[in-house]
$ cat my_file-v2.cif   # mmCIF, N, CA and C atoms
data_query
#
loop_
_atom_site.label_atom_id
_atom_site.label_comp_id
_atom_site.auth_asym_id
_atom_site.auth_seq_id
_atom_site.Cartn_x
_atom_site.Cartn_y
_atom_site.Cartn_z
N VAL A 1 -6.61 17.30 14.12
CA VAL A 1 -7.15 15.96 14.20
C VAL A 1 -6.58 15.28 15.45
N GLN A 2 -7.43 14.45 16.11
CA GLN A 2 -6.99 13.66 17.25
C GLN A 2 -6.99 12.18 16.86
N LEU A 3 -6.05 11.43 17.40
CA LEU A 3 -5.88 10.03 17.05
C LEU A 3 -6.02 9.13 18.27
N GLN A 4 -6.69 8.00 18.09
CA GLN A 4 -6.87 7.04 19.16
C GLN A 4 -6.52 5.66 18.61
N ALA A 5 -5.43 5.09 19.14
CA ALA A 5 -4.97 3.78 18.69
C ALA A 5 -5.48 2.69 19.62
N SER A 6 -5.70 1.51 19.04
CA SER A 6 -6.14 0.36 19.82
C SER A 6 -5.77 -0.92 19.10
N GLY A 7 -5.97 -2.05 19.79
CA GLY A 7 -5.79 -3.34 19.14
C GLY A 7 -4.55 -4.10 19.58
N GLY A 8 -3.73 -3.49 20.41
CA GLY A 8 -2.55 -4.19 20.88
C GLY A 8 -2.91 -5.32 21.84
N GLY A 9 -1.90 -6.11 22.18
CA GLY A 9 -2.13 -7.20 23.10
C GLY A 9 -0.94 -8.13 23.16
N LEU A 10 -1.16 -9.26 23.80
CA LEU A 10 -0.13 -10.29 23.94
C LEU A 10 -0.43 -11.41 22.96
N VAL A 11 0.56 -11.79 22.17
CA VAL A 11 0.37 -12.83 21.18
C VAL A 11 1.63 -13.69 21.10
N GLN A 12 1.48 -14.93 20.75
CA GLN A 12 2.63 -15.80 20.58
C GLN A 12 3.32 -15.54 19.25
N ALA A 13 4.58 -15.85 19.20
CA ALA A 13 5.33 -15.72 17.95
C ALA A 13 4.63 -16.50 16.83
N GLY A 14 4.55 -15.87 15.67
CA GLY A 14 3.84 -16.46 14.55
C GLY A 14 2.39 -16.05 14.45
N GLY A 15 1.90 -15.39 15.50
CA GLY A 15 0.51 -14.97 15.53
C GLY A 15 0.27 -13.66 14.80
N SER A 16 -0.96 -13.19 14.91
CA SER A 16 -1.39 -11.98 14.19
C SER A 16 -2.14 -11.04 15.12
N LEU A 17 -2.06 -9.78 14.78
CA LEU A 17 -2.84 -8.74 15.44
C LEU A 17 -3.22 -7.69 14.39
N ARG A 18 -4.31 -6.99 14.67
CA ARG A 18 -4.68 -5.85 13.84
C ARG A 18 -4.81 -4.63 14.73
N LEU A 19 -4.00 -3.63 14.45
CA LEU A 19 -4.10 -2.36 15.15
C LEU A 19 -5.02 -1.42 14.38
N SER A 20 -5.74 -0.59 15.12
CA SER A 20 -6.60 0.41 14.52
C SER A 20 -6.26 1.77 15.10
N CYS A 21 -6.47 2.79 14.30
CA CYS A 21 -6.26 4.16 14.75
C CYS A 21 -7.40 5.00 14.18
N VAL A 22 -8.24 5.50 15.06
CA VAL A 22 -9.39 6.28 14.65
C VAL A 22 -9.09 7.76 14.81
N ALA A 23 -9.40 8.53 13.78
CA ALA A 23 -9.14 9.96 13.79
C ALA A 23 -10.44 10.73 13.97
N SER A 24 -10.33 11.85 14.63
CA SER A 24 -11.50 12.71 14.80
C SER A 24 -11.05 14.16 14.73
N GLY A 25 -11.94 15.03 14.36
CA GLY A 25 -11.68 16.47 14.41
C GLY A 25 -11.61 17.15 13.07
N ARG A 26 -10.78 16.67 12.19
CA ARG A 26 -10.63 17.31 10.89
C ARG A 26 -10.74 16.25 9.79
N THR A 27 -10.67 16.67 8.55
CA THR A 27 -10.87 15.75 7.44
C THR A 27 -9.73 14.75 7.37
N PHE A 28 -10.07 13.50 7.68
CA PHE A 28 -9.08 12.43 7.75
C PHE A 28 -8.34 12.25 6.43
N SER A 29 -9.05 12.37 5.33
CA SER A 29 -8.45 12.10 4.03
C SER A 29 -7.44 13.18 3.62
N ASN A 30 -7.30 14.22 4.39
CA ASN A 30 -6.28 15.24 4.11
C ASN A 30 -4.91 14.86 4.63
N TYR A 31 -4.84 13.72 5.35
CA TYR A 31 -3.61 13.33 6.02
C TYR A 31 -3.07 12.02 5.49
N ALA A 32 -1.78 11.99 5.26
CA ALA A 32 -1.10 10.71 5.18
C ALA A 32 -0.97 10.18 6.60
N MET A 33 -0.99 8.86 6.73
CA MET A 33 -0.96 8.25 8.06
C MET A 33 0.21 7.27 8.16
N ALA A 34 0.70 7.12 9.37
CA ALA A 34 1.85 6.24 9.57
C ALA A 34 1.75 5.52 10.90
N TRP A 35 2.49 4.44 10.98
CA TRP A 35 2.69 3.72 12.24
C TRP A 35 4.17 3.74 12.58
N PHE A 36 4.45 4.01 13.83
CA PHE A 36 5.79 3.93 14.40
C PHE A 36 5.73 2.95 15.57
N ARG A 37 6.88 2.53 16.03
CA ARG A 37 6.94 1.72 17.23
C ARG A 37 8.16 2.08 18.06
N GLN A 38 8.05 1.81 19.34
CA GLN A 38 9.15 2.11 20.25
C GLN A 38 9.28 0.99 21.27
N ALA A 39 10.40 0.31 21.21
CA ALA A 39 10.70 -0.74 22.17
C ALA A 39 11.41 -0.13 23.37
N PRO A 40 11.37 -0.81 24.52
CA PRO A 40 12.02 -0.27 25.72
C PRO A 40 13.50 0.02 25.47
N GLY A 41 13.92 1.22 25.83
CA GLY A 41 15.31 1.60 25.70
C GLY A 41 15.75 1.94 24.30
N LYS A 42 14.82 1.95 23.37
CA LYS A 42 15.16 2.25 21.97
C LYS A 42 14.43 3.48 21.48
N GLU A 43 14.91 4.03 20.38
CA GLU A 43 14.26 5.18 19.79
C GLU A 43 13.00 4.74 19.04
N ARG A 44 12.10 5.69 18.88
CA ARG A 44 10.89 5.42 18.10
C ARG A 44 11.30 5.24 16.64
N GLU A 45 10.78 4.17 16.02
CA GLU A 45 11.18 3.87 14.66
C GLU A 45 9.98 3.77 13.72
N PHE A 46 10.21 4.12 12.48
CA PHE A 46 9.19 4.06 11.45
C PHE A 46 8.85 2.61 11.13
N VAL A 47 7.55 2.35 10.95
CA VAL A 47 7.08 1.02 10.56
C VAL A 47 6.45 1.06 9.17
N SER A 48 5.49 1.96 8.98
CA SER A 48 4.75 1.96 7.72
C SER A 48 4.03 3.30 7.54
N ARG A 49 3.75 3.61 6.28
CA ARG A 49 3.04 4.84 5.96
C ARG A 49 2.10 4.58 4.79
N ILE A 50 0.97 5.28 4.79
CA ILE A 50 0.01 5.17 3.69
C ILE A 50 -0.40 6.57 3.27
N ARG A 51 -0.44 6.78 1.98
CA ARG A 51 -0.80 8.10 1.47
C ARG A 51 -2.29 8.34 1.57
N ARG A 52 -2.71 9.55 1.25
CA ARG A 52 -4.06 10.01 1.57
C ARG A 52 -5.15 9.13 0.99
N ARG A 53 -4.98 8.71 -0.25
CA ARG A 53 -6.04 7.92 -0.88
C ARG A 53 -5.92 6.44 -0.59
N GLY A 54 -4.82 6.04 0.04
CA GLY A 54 -4.66 4.64 0.41
C GLY A 54 -4.08 3.75 -0.67
N VAL A 55 -3.65 4.34 -1.78
CA VAL A 55 -3.15 3.52 -2.88
C VAL A 55 -1.68 3.17 -2.69
N THR A 56 -0.91 4.11 -2.18
CA THR A 56 0.53 3.91 -2.06
C THR A 56 0.92 3.72 -0.61
N THR A 57 1.73 2.70 -0.37
CA THR A 57 2.17 2.38 0.97
C THR A 57 3.68 2.20 1.03
N TYR A 58 4.22 2.36 2.22
CA TYR A 58 5.66 2.23 2.44
C TYR A 58 5.88 1.43 3.72
N TYR A 59 6.97 0.65 3.74
CA TYR A 59 7.27 -0.19 4.89
C TYR A 59 8.77 -0.17 5.19
N THR A 60 9.08 -0.30 6.47
CA THR A 60 10.47 -0.56 6.80
C THR A 60 10.79 -2.00 6.44
N ASP A 61 12.04 -2.26 6.15
CA ASP A 61 12.41 -3.58 5.62
C ASP A 61 12.05 -4.73 6.55
N SER A 62 12.15 -4.53 7.84
CA SER A 62 11.95 -5.63 8.78
C SER A 62 10.51 -6.13 8.85
N VAL A 63 9.57 -5.37 8.30
CA VAL A 63 8.16 -5.81 8.36
C VAL A 63 7.58 -6.09 6.97
N LYS A 64 8.33 -5.87 5.94
CA LYS A 64 7.83 -6.11 4.58
C LYS A 64 7.44 -7.57 4.43
N GLY A 65 6.28 -7.80 3.84
CA GLY A 65 5.78 -9.15 3.66
C GLY A 65 5.03 -9.70 4.86
N ARG A 66 5.11 -9.03 6.00
CA ARG A 66 4.41 -9.49 7.20
C ARG A 66 3.33 -8.51 7.65
N PHE A 67 3.58 -7.23 7.48
CA PHE A 67 2.64 -6.20 7.92
C PHE A 67 1.98 -5.57 6.69
N THR A 68 0.73 -5.15 6.86
CA THR A 68 0.02 -4.44 5.82
C THR A 68 -0.71 -3.25 6.43
N ILE A 69 -0.46 -2.08 5.87
CA ILE A 69 -1.17 -0.89 6.31
C ILE A 69 -2.32 -0.64 5.35
N SER A 70 -3.45 -0.20 5.89
CA SER A 70 -4.60 0.13 5.05
C SER A 70 -5.39 1.24 5.74
N ARG A 71 -6.30 1.83 5.02
CA ARG A 71 -7.13 2.88 5.59
C ARG A 71 -8.52 2.83 5.02
N ASP A 72 -9.46 3.29 5.81
CA ASP A 72 -10.84 3.43 5.38
C ASP A 72 -11.22 4.88 5.65
N ASN A 73 -11.19 5.70 4.62
CA ASN A 73 -11.46 7.12 4.82
C ASN A 73 -12.90 7.40 5.24
N ALA A 74 -13.81 6.50 4.88
CA ALA A 74 -15.20 6.67 5.30
C ALA A 74 -15.37 6.45 6.80
N LYS A 75 -14.47 5.67 7.38
CA LYS A 75 -14.51 5.38 8.81
C LYS A 75 -13.45 6.15 9.59
N ASN A 76 -12.70 7.00 8.91
CA ASN A 76 -11.63 7.78 9.56
C ASN A 76 -10.66 6.89 10.32
N THR A 77 -10.31 5.77 9.72
CA THR A 77 -9.50 4.77 10.43
C THR A 77 -8.36 4.27 9.55
N VAL A 78 -7.21 4.11 10.19
CA VAL A 78 -6.07 3.45 9.56
C VAL A 78 -5.77 2.19 10.34
N TYR A 79 -5.37 1.15 9.63
CA TYR A 79 -5.12 -0.15 10.24
C TYR A 79 -3.68 -0.58 10.00
N LEU A 80 -3.21 -1.44 10.89
CA LEU A 80 -1.95 -2.12 10.66
C LEU A 80 -2.20 -3.61 10.94
N HIS A 81 -2.21 -4.38 9.86
CA HIS A 81 -2.40 -5.82 9.98
C HIS A 81 -1.02 -6.43 10.13
N MET A 82 -0.82 -7.15 11.22
CA MET A 82 0.49 -7.71 11.53
C MET A 82 0.39 -9.23 11.58
N ASN A 83 1.12 -9.87 10.69
CA ASN A 83 1.15 -11.33 10.63
C ASN A 83 2.56 -11.83 10.92
N SER A 84 2.66 -13.11 11.21
CA SER A 84 3.97 -13.74 11.47
C SER A 84 4.78 -12.93 12.47
N LEU A 85 4.15 -12.57 13.54
CA LEU A 85 4.80 -11.70 14.52
C LEU A 85 5.99 -12.39 15.17
N LYS A 86 6.99 -11.59 15.47
CA LYS A 86 8.22 -12.07 16.08
C LYS A 86 8.43 -11.36 17.42
N PRO A 87 9.20 -11.96 18.32
CA PRO A 87 9.47 -11.27 19.59
C PRO A 87 10.06 -9.88 19.40
N GLU A 88 10.84 -9.69 18.36
CA GLU A 88 11.45 -8.38 18.13
C GLU A 88 10.45 -7.33 17.66
N ASP A 89 9.21 -7.73 17.40
CA ASP A 89 8.16 -6.77 17.08
C ASP A 89 7.55 -6.17 18.34
N THR A 90 7.93 -6.68 19.50
CA THR A 90 7.41 -6.17 20.76
C THR A 90 7.76 -4.69 20.94
N ALA A 91 6.75 -3.87 21.15
CA ALA A 91 6.95 -2.43 21.28
C ALA A 91 5.61 -1.76 21.55
N VAL A 92 5.67 -0.50 21.88
CA VAL A 92 4.46 0.33 21.86
C VAL A 92 4.34 0.89 20.45
N TYR A 93 3.17 0.71 19.87
CA TYR A 93 2.92 1.15 18.50
C TYR A 93 2.10 2.44 18.53
N TYR A 94 2.55 3.40 17.73
CA TYR A 94 1.91 4.71 17.67
C TYR A 94 1.45 4.99 16.24
N CYS A 95 0.26 5.59 16.12
CA CYS A 95 -0.13 6.10 14.82
C CYS A 95 0.16 7.60 14.79
N ALA A 96 0.38 8.11 13.59
CA ALA A 96 0.73 9.51 13.41
C ALA A 96 0.14 10.02 12.11
N ALA A 97 -0.11 11.33 12.07
CA ALA A 97 -0.71 11.96 10.90
C ALA A 97 0.19 13.06 10.37
N ASP A 98 0.18 13.19 9.05
CA ASP A 98 1.04 14.16 8.36
C ASP A 98 0.23 14.80 7.24
N GLU A 99 0.13 16.12 7.23
CA GLU A 99 -0.63 16.80 6.19
C GLU A 99 0.11 16.85 4.86
N GLY A 100 1.40 16.60 4.85
CA GLY A 100 2.17 16.70 3.62
C GLY A 100 2.18 15.40 2.84
N GLU A 101 2.23 15.52 1.52
CA GLU A 101 2.44 14.36 0.68
C GLU A 101 3.94 14.23 0.43
N LYS A 102 4.51 13.11 0.81
CA LYS A 102 5.96 12.94 0.71
C LYS A 102 6.25 11.63 0.01
N TYR A 103 7.36 11.63 -0.72
CA TYR A 103 7.63 10.51 -1.61
C TYR A 103 8.93 9.78 -1.30
N TYR A 104 9.76 10.38 -0.45
CA TYR A 104 11.07 9.80 -0.19
C TYR A 104 11.22 9.47 1.29
N TYR A 105 11.90 8.35 1.54
CA TYR A 105 12.08 7.86 2.90
C TYR A 105 12.65 8.92 3.81
N ARG A 106 13.59 9.70 3.31
CA ARG A 106 14.24 10.71 4.14
C ARG A 106 13.27 11.80 4.59
N ASP A 107 12.13 11.89 3.92
CA ASP A 107 11.16 12.94 4.24
C ASP A 107 10.01 12.47 5.12
N TYR A 108 9.82 11.11 5.24
CA TYR A 108 8.65 10.65 5.99
C TYR A 108 8.95 9.65 7.09
N ALA A 109 10.20 9.28 7.30
CA ALA A 109 10.50 8.18 8.22
C ALA A 109 10.96 8.62 9.61
N ALA A 110 11.05 9.90 9.85
CA ALA A 110 11.47 10.37 11.17
C ALA A 110 10.25 10.82 11.97
N PRO A 111 10.26 10.58 13.28
CA PRO A 111 9.14 11.06 14.11
C PRO A 111 8.90 12.55 13.96
N SER A 112 9.93 13.31 13.73
CA SER A 112 9.80 14.76 13.61
C SER A 112 9.06 15.17 12.34
N ASP A 113 8.84 14.24 11.42
CA ASP A 113 8.07 14.52 10.21
C ASP A 113 6.56 14.55 10.47
N TYR A 114 6.15 14.20 11.69
CA TYR A 114 4.73 14.10 12.03
C TYR A 114 4.40 15.01 13.20
N SER A 115 3.30 15.73 13.07
CA SER A 115 2.93 16.68 14.11
C SER A 115 1.80 16.19 15.00
N ILE A 116 1.14 15.10 14.57
CA ILE A 116 -0.01 14.62 15.33
C ILE A 116 0.21 13.15 15.65
N TRP A 117 0.01 12.80 16.92
CA TRP A 117 0.28 11.44 17.40
C TRP A 117 -0.89 10.90 18.23
N GLY A 118 -1.08 9.59 18.11
CA GLY A 118 -1.99 8.91 19.02
C GLY A 118 -1.25 8.52 20.29
N GLN A 119 -1.95 7.87 21.20
CA GLN A 119 -1.41 7.60 22.53
C GLN A 119 -0.58 6.33 22.61
N GLY A 120 -0.60 5.48 21.62
CA GLY A 120 0.18 4.25 21.65
C GLY A 120 -0.61 3.07 22.16
N THR A 121 -0.28 1.90 21.63
CA THR A 121 -0.89 0.64 22.07
C THR A 121 0.21 -0.41 22.15
N GLN A 122 0.24 -1.16 23.24
CA GLN A 122 1.32 -2.11 23.50
C GLN A 122 1.10 -3.40 22.73
N VAL A 123 2.14 -3.85 22.06
CA VAL A 123 2.15 -5.15 21.39
C VAL A 123 3.28 -5.96 22.02
N THR A 124 2.94 -7.13 22.53
CA THR A 124 3.93 -8.01 23.14
C THR A 124 3.87 -9.36 22.46
N VAL A 125 5.00 -9.80 21.93
CA VAL A 125 5.07 -11.08 21.23
C VAL A 125 5.96 -12.01 22.05
N SER A 126 5.39 -13.10 22.51
CA SER A 126 6.14 -14.05 23.31
C SER A 126 6.74 -15.13 22.42
N SER A 127 7.88 -15.63 22.85
CA SER A 127 8.59 -16.66 22.05
C SER A 127 8.17 -18.06 22.45
#

$ encode --input "my_file-v2.cif" --output "structure tokens"
Amino acid sequence: VQLQASGGGLVQAGGSLRLSCVASGRTFSNYAMAWFRQAPGKEREFVSRIRRRGVTTYYTDSVKGRFTISRDNAKNTVYLHMNSLKPEDTAVYYCAADEGEKYYYRDYAAPSDYSIWGQGTQVTVSS
């Protein structure tokens, strides 16, 4: 499967953005999907994950209550709805796909847990 992320941009603190990641090539619903982000000079970090059917979701603590991950398997798309954005959310955001069903943070929160990546989309939050 190939992934194409979009939707980033420049927004003021407190604003909202919706990121999209469109998949092509193989059956999208066979993959759990995730969003990671990488700020300048920092390691890529886990943001959120959604399981294949879209019922179960996971978030890193810093975005809980502000970000929502969702997917539309009919459209081969995963979304990241970001509200109440903060300057510290500034980063390049990447979507990633994982064929495995995983239930524990230690198994799904590292970049090495994902074999397929999109190209990234820049999110900049001004103060």

$ closest_residue --input "my_file-v2.cif" --among "A:Glu45, A:Asp61, A:Asp107, A:Asp98" --to "Ser29 (chain A)" --atoms "only C-alpha atoms"
A:Asp98

$ closest_residue --input "my_file-v2.cif" --among "A:Val92, A:Phe67, A:Asn76, A:Gly8" --to "Arg37 (chain A)" --atoms "all atoms listed in the file"
A:Val92

$ resolve_selection --input "my_file-v2.cif" --expression "the PyMOL selection byres ((chain A and resi 24-27) around 6.5)" --output "ChimeraX atom specification"
/A:1-4,22-23,28-31

$ closest_residue --input "my_file-v2.cif" --among "A:Gly41, A:Ser70, A:Thr56, A:Leu10" --to "Glu101 (chain A)" --atoms "only C-alpha atoms"
A:Thr56

$ closest_residue --input "my_file-v2.cif" --among "A:Cys21, A:Ala109, A:Val78, A:Val11" --to "Tyr58 (chain A)" --atoms "only C-alpha atoms"
A:Ala109

$ decode --input "my_file-v2.cif" --residues "region 15-34 of chain A" --atoms "N, CA, C and O atoms" --output "mmCIF file, in the first residue's frame"
data_model
loop_
_atom_site.group_PDB
_atom_site.id
_atom_site.type_symbol
_atom_site.label_atom_id
_atom_site.label_comp_id
_atom_site.auth_asym_id
_atom_site.auth_seq_id
_atom_site.Cartn_x
_atom_site.Cartn_y
_atom_site.Cartn_z
ATOM 1 N N GLY A 15 -6.391 27.083 17.091
ATOM 2 C CA GLY A 15 -7.078 26.745 15.855
ATOM 3 C C GLY A 15 -7.164 25.257 15.609
ATOM 4 O O GLY A 15 -6.763 24.438 16.445
ATOM 5 N N SER A 16 -7.681 24.916 14.432
ATOM 6 C CA SER A 16 -7.919 23.511 14.076
ATOM 7 C C SER A 16 -7.404 23.228 12.673
ATOM 8 O O SER A 16 -7.342 24.108 11.814
ATOM 9 N N LEU A 17 -7.052 21.974 12.480
ATOM 10 C CA LEU A 17 -6.689 21.458 11.166
ATOM 11 C C LEU A 17 -7.180 20.015 11.073
ATOM 12 O O LEU A 17 -7.320 19.329 12.092
ATOM 13 N N ARG A 18 -7.402 19.570 9.846
ATOM 14 C CA ARG A 18 -7.702 18.167 9.613
ATOM 15 C C ARG A 18 -6.703 17.617 8.612
ATOM 16 O O ARG A 18 -6.619 18.094 7.479
ATOM 17 N N LEU A 19 -5.960 16.627 9.043
ATOM 18 C CA LEU A 19 -5.039 15.933 8.159
ATOM 19 C C LEU A 19 -5.733 14.729 7.534
ATOM 20 O O LEU A 19 -6.573 14.084 8.178
ATOM 21 N N SER A 20 -5.359 14.428 6.296
ATOM 22 C CA SER A 20 -5.885 13.266 5.603
ATOM 23 C C SER A 20 -4.728 12.431 5.089
ATOM 24 O O SER A 20 -3.662 12.953 4.764
ATOM 25 N N CYS A 21 -4.963 11.144 5.005
ATOM 26 C CA CYS A 21 -3.966 10.229 4.457
ATOM 27 C C CYS A 21 -4.720 9.219 3.597
ATOM 28 O O CYS A 21 -5.512 8.426 4.125
ATOM 29 N N VAL A 22 -4.470 9.276 2.303
ATOM 30 C CA VAL A 22 -5.149 8.396 1.365
ATOM 31 C C VAL A 22 -4.237 7.238 1.006
ATOM 32 O O VAL A 22 -3.056 7.441 0.689
ATOM 33 N N ALA A 23 -4.786 6.033 1.052
ATOM 34 C CA ALA A 23 -4.021 4.831 0.748
ATOM 35 C C ALA A 23 -4.411 4.288 -0.615
ATOM 36 O O ALA A 23 -5.563 4.387 -1.040
ATOM 37 N N SER A 24 -3.449 3.699 -1.274
ATOM 38 C CA SER A 24 -3.726 3.065 -2.560
ATOM 39 C C SER A 24 -2.887 1.808 -2.676
ATOM 40 O O SER A 24 -1.841 1.678 -2.029
ATOM 41 N N GLY A 25 -3.335 0.878 -3.466
ATOM 42 C CA GLY A 25 -2.536 -0.305 -3.783
ATOM 43 C C GLY A 25 -3.085 -1.605 -3.245
ATOM 44 O O GLY A 25 -3.260 -2.541 -4.001
ATOM 45 N N ARG A 26 -3.327 -1.676 -1.970
ATOM 46 C CA ARG A 26 -3.814 -2.916 -1.379
ATOM 47 C C ARG A 26 -5.034 -2.613 -0.515
ATOM 48 O O ARG A 26 -5.441 -1.470 -0.382
ATOM 49 N N THR A 27 -5.627 -3.634 0.052
ATOM 50 C CA THR A 27 -6.860 -3.457 0.810
ATOM 51 C C THR A 27 -6.595 -2.654 2.074
ATOM 52 O O THR A 27 -5.951 -3.115 3.009
ATOM 53 N N PHE A 28 -7.125 -1.437 2.079
ATOM 54 C CA PHE A 28 -6.892 -0.496 3.176
ATOM 55 C C PHE A 28 -7.353 -1.060 4.510
ATOM 56 O O PHE A 28 -6.689 -0.879 5.534
ATOM 57 N N SER A 29 -8.480 -1.755 4.509
ATOM 58 C CA SER A 29 -9.051 -2.233 5.760
ATOM 59 C C SER A 29 -8.231 -3.363 6.392
ATOM 60 O O SER A 29 -8.545 -3.792 7.502
ATOM 61 N N ASN A 30 -7.207 -3.830 5.730
ATOM 62 C CA ASN A 30 -6.320 -4.836 6.307
ATOM 63 C C ASN A 30 -5.266 -4.235 7.223
ATOM 64 O O ASN A 30 -4.508 -4.974 7.853
ATOM 65 N N TYR A 31 -5.223 -2.893 7.282
ATOM 66 C CA TYR A 31 -4.167 -2.201 8.007
ATOM 67 C C TYR A 31 -4.712 -1.387 9.160
ATOM 68 O O TYR A 31 -5.698 -0.651 9.004
ATOM 69 N N ALA A 32 -4.049 -1.490 10.290
ATOM 70 C CA ALA A 32 -4.205 -0.459 11.304
ATOM 71 C C ALA A 32 -3.415 0.747 10.826
ATOM 72 O O ALA A 32 -2.392 0.608 10.145
ATOM 73 N N MET A 33 -3.892 1.939 11.187
ATOM 74 C CA MET A 33 -3.262 3.165 10.712
ATOM 75 C C MET A 33 -2.858 4.040 11.896
ATOM 76 O O MET A 33 -3.501 4.014 12.950
ATOM 77 N N ALA A 34 -1.820 4.816 11.686
ATOM 78 C CA ALA A 34 -1.324 5.662 12.768
ATOM 79 C C ALA A 34 -0.817 6.985 12.223
ATOM 80 O O ALA A 34 -0.515 7.110 11.030
#
